[in-house]
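To start, the structure under review is shown below, and the notes come after it.
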Amino acid sequence: MDSHLQRLKQELEDATWGASDNDLLQAPEGKWNSAQILEHLFLTYKGTHQGIARCLKKNAPLATRATLKHRFATLLAVNLGYMGGGRKAPQLAVPRNMPPEEVRHGIAPELQRMAEGLEECDRRFGAGTKLMDHPILGPLTVDEWRKLHWLHGRHHARQIRERIGKA
């Protein structure tokens, strides 16, 4: 597993270690609870893995051409690590209230599947090849996908720590 994704796995394990299912269900009014945040991350890994599977099945990258807006958004998010708040999650990544135990046990294997798919794409298409489009950032390379998931997961791990009192 790539170092970004290994650090992500460790970050999520550290953030949730010792938390009960009840702890994961606590949240400020109008905000996602920690279980929902984990499910959101789970869904992003699953969605990325599904896109990877399409690339591998077709044996070709599926990225479109980046617009200036995509390049600027990627610069901010991936290169500078800016994860602005307040943006609505794409519908495919909105939590559907999986039980805390189910999402807690499902997230690591889903992260592993995504990591293995990214490794295969790296071998087949090369690290610098734009692989597929992110719904907001546009086309990303394998390394950009890895770093984006690390930064996104780290952002949400901070929120989890706050909600379960580990901040």
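Identifiers in the structure tokens: chain A, B, ... in order shown; residue index from 1 per chain; ligand index from 1 in order shown.
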Near Pro99 (chain A), within 12 Å and counting only C-alpha atoms, which residues show up once chain neighbours fewer than 2 positions away are dropped, as JSON, numbers by chain? {"A": [21, 22, 24, 25, 33, 34, 35, 36, 38, 39, 95, 96, 97, 101, 102, 103, 104, 105, 106]}
Residues near Phe72 (chain A), cut-off 12 Å, only C-alpha atoms, skip fewer than 3 positions along chain, as a short mmCIF file (atom, residue, chain, number, x, y, z; two decimals) with C-alpha atoms, in the first residue's frame:
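Heads up, here's the output in out_0.cif:
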```cif
data_model
loop_
_atom_site.label_atom_id
_atom_site.label_comp_id
_atom_site.auth_asym_id
_atom_site.auth_seq_id
_atom_site.Cartn_x
_atom_site.Cartn_y
_atom_site.Cartn_z
CA ALA A 66 -8.83 19.29 -17.54
CA THR A 67 -10.38 22.74 -17.61
CA LEU A 68 -8.75 25.78 -16.03
CA LYS A 69 -11.25 25.44 -13.17
CA LEU A 75 -3.81 22.90 -7.20
CA LEU A 76 -5.70 24.04 -4.10
CA ALA A 77 -6.82 20.62 -2.88
CA VAL A 78 -4.06 18.22 -3.89
CA ASN A 79 -0.96 20.37 -4.15
CA LEU A 80 -1.68 22.86 -1.34
CA TYR A 82 -6.70 23.03 1.13
CA ILE A 136 -15.20 18.31 -8.53
CA LEU A 137 -11.47 18.34 -9.34
CA GLY A 138 -11.65 16.76 -12.78
CA PRO A 139 -8.94 14.39 -14.09
#
```
I'd like to know which of A:Thr141, A:Ser20, A:Thr48, A:Thr74 is closest to Ala127 (chain A), using only C-alpha atoms. A:Thr141
Measuring between only C-alpha atoms, which one of A:Ala15, A:Trp32, A:Trp150, A:Pro135 shows the shortest distance to Pro90 (chain A)? A:Pro135
Nearby residues (only C-alpha atoms) at most 9 Å from region 54-62 of chain A, same-chain spacing under 4 positions excluded, as a ChimeraX atom specification: /A:49-50,117,120-121,124-125,129-133,139
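Every protein or nucleic acid residue with an atom no more than 8 Å from region 3-8 of chain A, counting only C-alpha atoms and leaving out same-chain residues fewer than 5 positions away, appears here: Leu111, Ala115, Arg146, Lys147, His149, Trp150, Gly153 and Arg154 of chain A.
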Based on the selection just made, write C-alpha atoms of those residues as an mmCIF file, in the first residue's frame.
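Contents of again00.cif, freshly written:
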```cif
data_model
loop_
_atom_site.group_PDB
_atom_site.id
_atom_site.type_symbol
_atom_site.label_atom_id
_atom_site.label_comp_id
_atom_site.auth_asym_id
_atom_site.auth_seq_id
_atom_site.Cartn_x
_atom_site.Cartn_y
_atom_site.Cartn_z
ATOM 1 C CA LEU A 111 -9.489 1.205 1.351
ATOM 2 C CA ALA A 115 -5.209 0.904 -3.001
ATOM 3 C CA ARG A 146 -3.767 8.773 -3.398
ATOM 4 C CA LYS A 147 -2.835 12.157 -2.007
ATOM 5 C CA HIS A 149 -7.783 10.531 -0.342
ATOM 6 C CA TRP A 150 -5.098 11.026 2.320
ATOM 7 C CA GLY A 153 -9.395 11.402 5.182
ATOM 8 C CA ARG A 154 -7.116 13.431 7.446
#
```
